[in-house]
$ cat my_file.cif   # mmCIF, C-alpha atoms (C1' of nucleotides)
data_run
loop_
_atom_site.label_atom_id
_atom_site.label_comp_id
_atom_site.auth_asym_id
_atom_site.auth_seq_id
_atom_site.Cartn_x
_atom_site.Cartn_y
_atom_site.Cartn_z
CA MET A 1 -144.12 -20.50 79.74
CA LYS A 2 -142.84 -22.27 82.83
CA ILE A 3 -145.25 -22.02 85.76
CA ALA A 4 -144.90 -23.24 89.34
CA THR A 5 -146.50 -23.32 92.77
CA TRP A 6 -144.85 -23.43 96.20
CA ASN A 7 -146.21 -23.27 99.72
CA VAL A 8 -143.28 -21.55 101.45
CA ASN A 9 -144.60 -21.67 105.06
CA SER A 10 -143.60 -18.07 105.90
CA LEU A 11 -142.08 -15.89 103.20
CA LYS A 12 -140.10 -14.06 105.87
CA VAL A 13 -138.23 -17.26 106.75
CA ARG A 14 -138.08 -18.59 103.18
CA GLN A 15 -137.31 -15.42 101.22
CA GLN A 16 -133.76 -16.48 100.37
CA HIS A 17 -134.97 -19.98 99.42
CA VAL A 18 -137.39 -18.45 96.93
CA MET A 19 -134.66 -16.18 95.53
CA ASP A 20 -132.29 -19.13 95.13
CA TRP A 21 -134.95 -21.33 93.57
CA LEU A 22 -135.91 -18.65 91.03
CA GLU A 23 -132.27 -18.77 89.87
CA THR A 24 -132.11 -22.54 89.51
CA SER A 25 -135.62 -23.19 88.21
CA GLN A 26 -135.88 -20.26 85.80
CA VAL A 27 -139.67 -20.22 86.11
CA ASP A 28 -141.69 -17.47 84.45
CA VAL A 29 -144.53 -17.53 86.96
CA LEU A 30 -144.34 -18.61 90.60
CA CYS A 31 -147.47 -18.91 92.73
CA LEU A 32 -146.77 -18.68 96.46
CA GLN A 33 -148.87 -19.73 99.44
CA GLU A 34 -148.69 -19.32 103.20
CA LEU A 35 -146.84 -16.02 103.11
CA LYS A 36 -147.77 -15.42 106.76
CA LEU A 37 -147.12 -11.69 106.49
CA THR A 38 -148.98 -8.45 105.92
CA ASP A 39 -148.71 -6.70 102.55
CA ASP A 40 -146.37 -4.01 103.92
CA LYS A 41 -143.84 -6.75 104.79
CA PHE A 42 -143.86 -8.38 101.33
CA PRO A 43 -140.33 -8.16 99.85
CA ARG A 44 -141.50 -6.67 96.56
CA ALA A 45 -138.33 -4.64 95.91
CA GLU A 46 -136.10 -7.67 96.51
CA PHE A 47 -138.01 -9.73 93.92
CA GLU A 48 -138.00 -6.78 91.55
CA ALA A 49 -134.20 -6.70 91.82
CA LYS A 50 -134.27 -10.37 90.77
CA GLY A 51 -136.35 -9.52 87.71
CA TYR A 52 -139.80 -10.46 88.99
CA ARG A 53 -142.88 -8.34 89.52
CA SER A 54 -145.22 -9.45 92.28
CA TRP A 55 -148.87 -9.32 93.26
CA PHE A 56 -150.05 -10.56 96.63
CA ALA A 57 -152.81 -10.72 99.23
CA GLY A 58 -151.45 -11.12 102.73
CA GLN A 59 -152.52 -10.98 106.34
CA LYS A 60 -150.90 -11.23 109.75
CA THR A 61 -149.72 -14.68 110.98
CA TYR A 62 -151.74 -16.94 108.66
CA ASN A 63 -152.47 -17.69 105.00
CA GLY A 64 -151.46 -15.17 102.34
CA VAL A 65 -150.89 -15.81 98.62
CA GLY A 66 -148.88 -14.21 95.85
CA ILE A 67 -147.79 -14.44 92.22
CA LEU A 68 -144.30 -13.61 90.94
CA VAL A 69 -144.01 -12.84 87.23
CA ARG A 70 -140.81 -12.54 85.27
CA ASP A 71 -140.14 -9.15 83.68
CA GLY A 72 -141.25 -8.89 80.10
CA LEU A 73 -144.40 -10.97 80.49
CA ASN A 74 -147.57 -9.04 79.90
CA VAL A 75 -149.74 -8.50 82.99
CA ASP A 76 -152.62 -6.04 82.96
CA GLU A 77 -153.19 -4.60 86.45
CA SER A 78 -156.94 -4.62 85.81
CA THR A 79 -156.95 -8.44 85.61
CA ILE A 80 -155.81 -8.91 89.21
CA VAL A 81 -158.49 -10.37 91.49
CA ARG A 82 -158.11 -11.05 95.22
CA ASN A 83 -160.14 -13.79 96.96
CA ILE A 84 -163.16 -15.57 95.50
CA PRO A 85 -165.57 -12.88 94.31
CA GLY A 86 -168.86 -13.11 96.18
CA HIS A 87 -167.40 -15.37 98.88
CA GLU A 88 -166.89 -13.19 101.93
CA ASP A 89 -163.73 -14.36 103.74
CA PRO A 90 -161.16 -12.55 105.90
CA GLN A 91 -158.65 -15.35 105.17
CA GLN A 92 -156.39 -14.44 102.25
CA ARG A 93 -156.33 -17.60 100.13
CA VAL A 94 -156.65 -16.65 96.45
CA ILE A 95 -155.06 -14.24 94.02
CA THR A 96 -155.60 -14.30 90.27
CA ALA A 97 -153.90 -12.60 87.33
CA THR A 98 -154.01 -12.87 83.55
CA ILE A 99 -150.44 -13.36 82.36
CA GLU A 100 -149.73 -13.52 78.63
CA GLY A 101 -153.38 -14.36 78.14
CA VAL A 102 -153.28 -17.24 80.65
CA ARG A 103 -155.57 -16.98 83.67
CA ILE A 104 -153.30 -17.90 86.60
CA ILE A 105 -154.85 -18.61 90.00
CA SER A 106 -152.68 -19.01 93.12
CA ALA A 107 -154.74 -20.73 95.81
CA TYR A 108 -154.18 -21.86 99.38
CA PHE A 109 -157.01 -24.31 100.08
CA PRO A 110 -158.12 -24.58 103.73
CA ASN A 111 -156.49 -27.36 105.73
CA GLY A 112 -159.73 -28.58 107.28
CA GLN A 113 -158.16 -30.00 110.46
CA ALA A 114 -160.37 -33.10 110.71
CA PRO A 115 -163.57 -34.41 109.11
CA GLY A 116 -166.55 -33.28 111.13
CA SER A 117 -164.81 -30.25 112.60
CA GLU A 118 -165.86 -26.64 112.12
CA LYS A 119 -162.77 -26.04 110.00
CA PHE A 120 -163.68 -29.00 107.82
CA ALA A 121 -167.09 -27.46 107.17
CA TYR A 122 -165.33 -24.22 106.24
CA LYS A 123 -163.08 -26.16 103.86
CA LEU A 124 -166.05 -27.77 102.09
CA GLY A 125 -167.86 -24.42 101.84
CA TRP A 126 -164.73 -22.81 100.43
CA LEU A 127 -164.33 -25.62 97.87
CA ALA A 128 -167.93 -25.21 96.74
CA ALA A 129 -167.44 -21.45 96.35
CA LEU A 130 -164.23 -22.00 94.37
CA HIS A 131 -165.98 -24.48 92.09
CA ASP A 132 -168.91 -22.16 91.41
CA TRP A 133 -166.63 -19.20 90.71
CA LEU A 134 -164.48 -21.26 88.33
CA VAL A 135 -167.46 -22.02 86.09
CA GLY A 136 -167.58 -18.39 85.00
CA GLU A 137 -163.79 -17.98 85.00
CA LEU A 138 -163.40 -20.91 82.59
CA ALA A 139 -166.10 -19.52 80.32
CA GLN A 140 -164.27 -16.19 80.21
CA HIS A 141 -160.74 -17.60 80.13
CA PRO A 142 -160.35 -20.86 78.18
CA ARG A 143 -156.63 -20.84 79.00
CA LEU A 144 -156.73 -21.24 82.79
CA ALA A 145 -154.37 -22.77 85.37
CA LEU A 146 -155.30 -23.38 89.01
CA LEU A 147 -152.10 -23.75 91.03
CA GLY A 148 -151.62 -24.15 94.74
CA ASP A 149 -151.68 -26.06 97.96
CA TYR A 150 -154.96 -27.96 97.62
CA ASN A 151 -154.66 -29.74 100.97
CA ILE A 152 -156.18 -32.76 99.20
CA ALA A 153 -154.40 -35.95 98.16
CA PRO A 154 -156.65 -36.96 95.24
CA GLU A 155 -155.94 -40.71 95.16
CA ASP A 156 -154.37 -43.43 97.30
CA ARG A 157 -151.27 -43.38 95.11
CA ASP A 158 -150.76 -39.81 96.32
CA VAL A 159 -150.41 -41.08 99.91
CA HIS A 160 -147.35 -42.85 101.33
CA ASP A 161 -149.46 -45.10 103.58
CA PRO A 162 -153.09 -45.13 102.36
CA LYS A 163 -154.19 -47.60 105.06
CA ALA A 164 -152.93 -45.41 107.89
CA TRP A 165 -154.50 -42.32 106.31
CA GLU A 166 -157.85 -43.86 105.36
CA GLY A 167 -160.73 -41.46 106.05
CA GLN A 168 -158.47 -38.81 107.55
CA ASN A 169 -158.23 -35.14 106.76
CA LEU A 170 -156.65 -34.44 103.33
CA VAL A 171 -157.78 -37.82 101.94
CA SER A 172 -161.41 -38.13 103.10
CA PRO A 173 -164.10 -39.07 100.53
CA GLU A 174 -165.78 -35.65 100.88
CA GLU A 175 -162.59 -33.78 99.98
CA ARG A 176 -161.74 -36.14 97.16
CA ALA A 177 -165.26 -35.71 95.79
CA GLU A 178 -164.66 -31.95 95.68
CA PHE A 179 -161.39 -32.51 93.82
CA VAL A 180 -163.28 -34.69 91.31
CA ARG A 181 -165.82 -31.91 90.94
CA LEU A 182 -163.00 -29.53 89.96
CA ILE A 183 -161.82 -32.09 87.40
CA GLY A 184 -165.44 -32.20 86.21
CA LEU A 185 -165.13 -28.57 85.15
CA GLY A 186 -162.80 -29.82 82.42
CA LEU A 187 -159.58 -29.37 84.37
CA VAL A 188 -156.67 -31.79 84.09
CA ASP A 189 -154.17 -32.76 86.79
CA ALA A 190 -150.98 -31.80 84.92
CA PHE A 191 -148.81 -34.16 86.98
CA ARG A 192 -150.87 -37.21 85.98
CA GLN A 193 -150.61 -36.43 82.29
CA PHE A 194 -147.09 -37.86 82.45
CA ASP A 195 -145.41 -41.00 83.71
CA HIS A 196 -143.69 -40.77 87.08
CA PRO A 197 -142.14 -43.27 89.47
CA GLU A 198 -144.36 -44.36 92.36
CA LYS A 199 -144.43 -42.47 95.64
CA ILE A 200 -143.82 -38.94 94.40
CA PHE A 201 -145.07 -36.42 96.94
CA SER A 202 -145.10 -32.65 97.48
CA TRP A 203 -145.35 -32.43 101.28
CA TRP A 204 -143.60 -34.19 104.15
CA ASP A 205 -144.24 -33.63 107.85
CA TYR A 206 -141.42 -31.91 109.71
CA ARG A 207 -141.70 -34.60 112.39
CA MET A 208 -140.64 -38.21 112.56
CA LEU A 209 -138.00 -37.87 109.84
CA ALA A 210 -140.85 -37.97 107.36
CA PHE A 211 -138.84 -36.57 104.44
CA ARG A 212 -136.01 -39.05 104.92
CA ARG A 213 -138.55 -41.88 104.97
CA ASN A 214 -140.43 -40.32 102.03
CA ALA A 215 -143.54 -40.42 104.24
CA GLY A 216 -145.36 -37.75 102.26
CA LEU A 217 -148.50 -36.73 100.43
CA ARG A 218 -149.10 -35.16 97.03
CA ILE A 219 -151.31 -32.22 97.97
CA ASP A 220 -149.86 -29.42 95.82
CA HIS A 221 -151.25 -29.41 92.31
CA ILE A 222 -151.43 -27.70 88.94
CA LEU A 223 -154.80 -28.12 87.27
CA LEU A 224 -155.02 -26.99 83.65
CA SER A 225 -157.95 -26.25 81.38
CA GLN A 226 -158.08 -28.46 78.29
CA PRO A 227 -156.44 -26.00 75.87
CA LEU A 228 -153.50 -25.62 78.29
CA ALA A 229 -153.33 -29.34 79.10
CA LYS A 230 -152.88 -30.02 75.38
CA VAL A 231 -149.78 -27.82 75.22
CA CYS A 232 -148.31 -28.89 78.57
CA THR A 233 -145.07 -30.79 77.95
CA SER A 234 -143.99 -31.63 81.52
CA CYS A 235 -145.02 -31.47 85.16
CA ASP A 236 -142.68 -32.36 88.01
CA ILE A 237 -142.11 -31.89 91.72
CA ASP A 238 -138.72 -30.45 92.66
CA LYS A 239 -137.61 -32.12 95.90
CA VAL A 240 -134.31 -30.25 96.04
CA PRO A 241 -135.44 -27.23 98.13
CA ARG A 242 -136.92 -29.64 100.70
CA LYS A 243 -133.33 -30.76 101.38
CA TRP A 244 -132.06 -27.25 102.05
CA GLU A 245 -131.43 -25.98 105.55
CA GLN A 246 -134.58 -24.81 107.37
CA PRO A 247 -136.84 -25.84 104.47
CA SER A 248 -140.53 -25.37 103.82
CA ASP A 249 -142.42 -28.62 104.42
CA HIS A 250 -143.70 -28.34 100.82
CA ALA A 251 -141.79 -28.80 97.57
CA PRO A 252 -142.48 -26.72 94.44
CA VAL A 253 -144.50 -28.18 91.55
CA VAL A 254 -143.49 -27.04 88.04
CA ALA A 255 -145.21 -27.31 84.67
CA GLN A 256 -144.01 -26.33 81.20
CA ILE A 257 -146.67 -24.87 78.93
CA ASP A 258 -145.62 -24.21 75.37
"C1'" DA B 1 -148.38 -43.45 121.96
"C1'" DT B 2 -152.73 -37.97 119.46
"C1'" DG B 3 -146.77 -37.20 120.42
"C1'" DG B 4 -143.39 -36.12 117.01
"C1'" DC B 5 -141.47 -30.14 114.15
"C1'" DT B 6 -141.92 -25.35 112.64
"C1'" DT B 7 -143.98 -20.90 112.51
"C1'" DG B 8 -145.89 -16.51 114.58
"C1'" DC B 9 -147.21 -14.01 118.49
"C1'" DA B 10 -146.09 -12.29 122.55
"C1'" DC B 11 -144.03 -12.63 126.42
"C1'" DC B 12 -142.78 -18.39 127.00
"C1'" DG B 13 -146.65 -21.43 126.19
"C1'" DC B 14 -150.05 -21.44 123.00
"C1'" DA B 15 -152.64 -22.05 118.14
"C1'" DA B 16 -152.19 -23.88 113.71
"C1'" DG B 17 -150.43 -26.42 110.14
"C1'" DA B 18 -151.11 -31.26 107.30
#
$ encode --input "my_file.cif" --output "structure tokens"
Amino acid sequence: MKIATWNVNSLKVRQQHVMDWLETSQVDVLCLQELKLTDDKFPRAEFEAKGYRSWFAGQKTYNGVGILVRDGLNVDESTIVRNIPGHEDPQQRVITATIEGVRIISAYFPNGQAPGSEKFAYKLGWLAALHDWLVGELAQHPRLALLGDYNIAPEDRDVHDPKAWEGQNLVSPEERAEFVRLIGLGLVDAFRQFDHPEKIFSWWDYRMLAFRRNAGLRIDHILLSQPLAKVCTSCDIDKVPRKWEQPSDHAPVVAQID
DNA sequence: ATGGCTTGCACCGCAAGA
């Protein structure tokens, strides 16, 4: 099974990009973030025509997550969960489904704005709630994958200029400690299971020619439970869609699980 | 140099992203 995650920064604007990328990537499961549309505007029929079923949790203007699943894969409607159970939140950031026996979570982690801000406190609270919820999820579903825009660059090698970014939002010690806590649940960063060249990133600012300078961060991740990590044969970031016209600022991350 | 792009909303300049 080929699984992927992509923050599309408005599905309305990026719908054709997603369609095109489904053709070239041939993924079985695609987790989407930052849909920025209400559920009635989700192009379900268009994806269905492409051979993908979809589940989503959207809202107006901000956030919104979804999962596209190739026809033929087994998905029980009763396994779909929206948001983090028990964590009251009007922001639509999580949707979960069991696909072919694999617990797939599509998550849009809060940005946090800046350490010390109100939004940063919300981010840390959200991370704690996610962690606590995952304890039970992992107990129930040994084959689990947490995919999404984490808005955390786990290590300095995930940052184009660690000195310039030191202590800032997305790389601060508090956020990195929360990432380590997720790893502590027994999850594995699929990307780091394999050798890659240096300076591979998943996000580049729209400004200052950041993509051309490769001034990016690796903030989109696929974390796998141990049984899945053992059968994962590759994990890569596909920079190609970032070169398309009017691109998302994020690139998709893809993992093969056999 | 706290800007720089891009989006959505709503009515055009703002919030928010990362």
$ interface_residues --input "my_file.cif" --of "chain B" --to "chain A" --cutoff "12 Å" --atoms "only C-alpha atoms (C1' of nucleotides)" --output "list in words"
DG3, DG4, DC5, DT6, DT7, DG8, DC9, DA15, DA16, DG17 and DA18 of chain B
$ write_last_selection --input "my_file.cif" --atoms "C-alpha atoms (C1' of nucleotides)" --output "mmCIF file, in the coordinates of the input"
data_model
loop_
_atom_site.group_PDB
_atom_site.id
_atom_site.type_symbol
_atom_site.label_atom_id
_atom_site.label_comp_id
_atom_site.auth_asym_id
_atom_site.auth_seq_id
_atom_site.Cartn_x
_atom_site.Cartn_y
_atom_site.Cartn_z
ATOM 1 C "C1'" DG B 3 -146.770 -37.200 120.420
ATOM 2 C "C1'" DG B 4 -143.390 -36.120 117.010
ATOM 3 C "C1'" DC B 5 -141.470 -30.140 114.150
ATOM 4 C "C1'" DT B 6 -141.920 -25.350 112.640
ATOM 5 C "C1'" DT B 7 -143.980 -20.900 112.510
ATOM 6 C "C1'" DG B 8 -145.890 -16.510 114.580
ATOM 7 C "C1'" DC B 9 -147.210 -14.010 118.490
ATOM 8 C "C1'" DA B 15 -152.640 -22.050 118.140
ATOM 9 C "C1'" DA B 16 -152.190 -23.880 113.710
ATOM 10 C "C1'" DG B 17 -150.430 -26.420 110.140
ATOM 11 C "C1'" DA B 18 -151.110 -31.260 107.300
#
$ closest_residue --input "my_file.cif" --among "A:His87, A:Arg218, A:Arg242, A:Arg70" --to "Ala153 in chain A" --atoms "all atoms listed in the file"
A:Arg218
$ resolve_selection --input "my_file.cif" --expression "the PyMOL selection byres ((chain A and resi 175-179) around 8)" --output "PyMOL selection string"
chain A and resi 124+127-128+152-155+170-174+180-183
$ write_last_selection --input "my_file.cif" --atoms "C-alpha atoms" --output "short mmCIF file (atom, residue, chain, number, x, y, z; two decimals), in the coordinates of the input"
data_model
loop_
_atom_site.label_atom_id
_atom_site.label_comp_id
_atom_site.auth_asym_id
_atom_site.auth_seq_id
_atom_site.Cartn_x
_atom_site.Cartn_y
_atom_site.Cartn_z
CA LEU A 124 -166.05 -27.77 102.09
CA LEU A 127 -164.33 -25.62 97.87
CA ALA A 128 -167.93 -25.21 96.74
CA ILE A 152 -156.18 -32.76 99.20
CA ALA A 153 -154.40 -35.95 98.16
CA PRO A 154 -156.65 -36.96 95.24
CA GLU A 155 -155.94 -40.71 95.16
CA LEU A 170 -156.65 -34.44 103.33
CA VAL A 171 -157.78 -37.82 101.94
CA SER A 172 -161.41 -38.13 103.10
CA PRO A 173 -164.10 -39.07 100.53
CA GLU A 174 -165.78 -35.65 100.88
CA VAL A 180 -163.28 -34.69 91.31
CA ARG A 181 -165.82 -31.91 90.94
CA LEU A 182 -163.00 -29.53 89.96
CA ILE A 183 -161.82 -32.09 87.40
#
$ resolve_selection --input "my_file.cif" --expression "the PyMOL selection byres ((chain A and resi 55) around 12)" --output "PyMOL selection string"
chain A and resi 29-32+39+42-45+47-48+52-54+56-58+64-70+75-82+94-99+104-106
$ atom_distance --input "my_file.cif" --atom1 "CA of Asp158 in chain A" --atom2 "CA of Asn83 in chain A"
27.7 Å
$ resolve_selection --input "my_file.cif" --expression "the PyMOL selection byres ((chain A and resi 186) around 9)" --output "list in words"
Leu138, Leu182, Ile183, Gly184, Leu185, Leu187, Val188, Leu224, Ser225 and Gln226 of chain A
$ write_last_selection --input "my_file.cif" --atoms "C-alpha atoms" --output "PDB file, in the frame of the given file"
ATOM      1  CA  LEU A 138    -163.400 -20.910  82.590  1.00  0.00           C
ATOM      2  CA  LEU A 182    -163.000 -29.530  89.960  1.00  0.00           C
ATOM      3  CA  ILE A 183    -161.820 -32.090  87.400  1.00  0.00           C
ATOM      4  CA  GLY A 184    -165.440 -32.200  86.210  1.00  0.00           C
ATOM      5  CA  LEU A 185    -165.130 -28.570  85.150  1.00  0.00           C
ATOM      6  CA  LEU A 187    -159.580 -29.370  84.370  1.00  0.00           C
ATOM      7  CA  VAL A 188    -156.670 -31.790  84.090  1.00  0.00           C
ATOM      8  CA  LEU A 224    -155.020 -26.990  83.650  1.00  0.00           C
ATOM      9  CA  SER A 225    -157.950 -26.250  81.380  1.00  0.00           C
ATOM     10  CA  GLN A 226    -158.080 -28.460  78.290  1.00  0.00           C
TER      11      GLN A 226
END
$ residues_around --input "my_file.cif" --residues "Lys2 in chain A" --least-positions-apart "6" --cutoff "7 Å" --atoms "only C-alpha atoms (C1' of nucleotides)" --output "count of residues only"
6
$ atom_distance --input "my_file.cif" --atom1 "CA of Arg143 in chain A" --atom2 "CA of Lys239 in chain A"
27.8 Å
$ residues_near_point --input "my_file.cif" --point "(-148.4, -28.4, 76.5)" --cutoff "7 Å" --atoms "only C-alpha atoms (C1' of nucleotides)" --output "list of chain:residue names"
A:Leu228, A:Ala229, A:Lys230, A:Val231, A:Cys232, A:Thr233, A:Gln256, A:Ile257, A:Asp258
$ atom_distance --input "my_file.cif" --atom1 "CA of Val254 in chain A" --atom2 "CA of Cys235 in chain A"
5.5 Å
$ residues_around --input "my_file.cif" --residues "range 195-200 of chain A" --least-positions-apart "4" --cutoff "9 Å" --atoms "all atoms listed in the file" --output "ChimeraX atom specification"
/A:157-160,191,214-218,236-237
$ closest_residue --input "my_file.cif" --among "A:Val18, A:Ala210, A:Leu35, A:Ile84" --to "Leu134 in chain A" --atoms "only C-alpha atoms"
A:Ile84
$ closest_residue --input "my_file.cif" --among "A:Leu130, A:Val240, A:Ala145, A:Val8" --to "Arg103 in chain A" --atoms "all atoms listed in the file"
A:Ala145
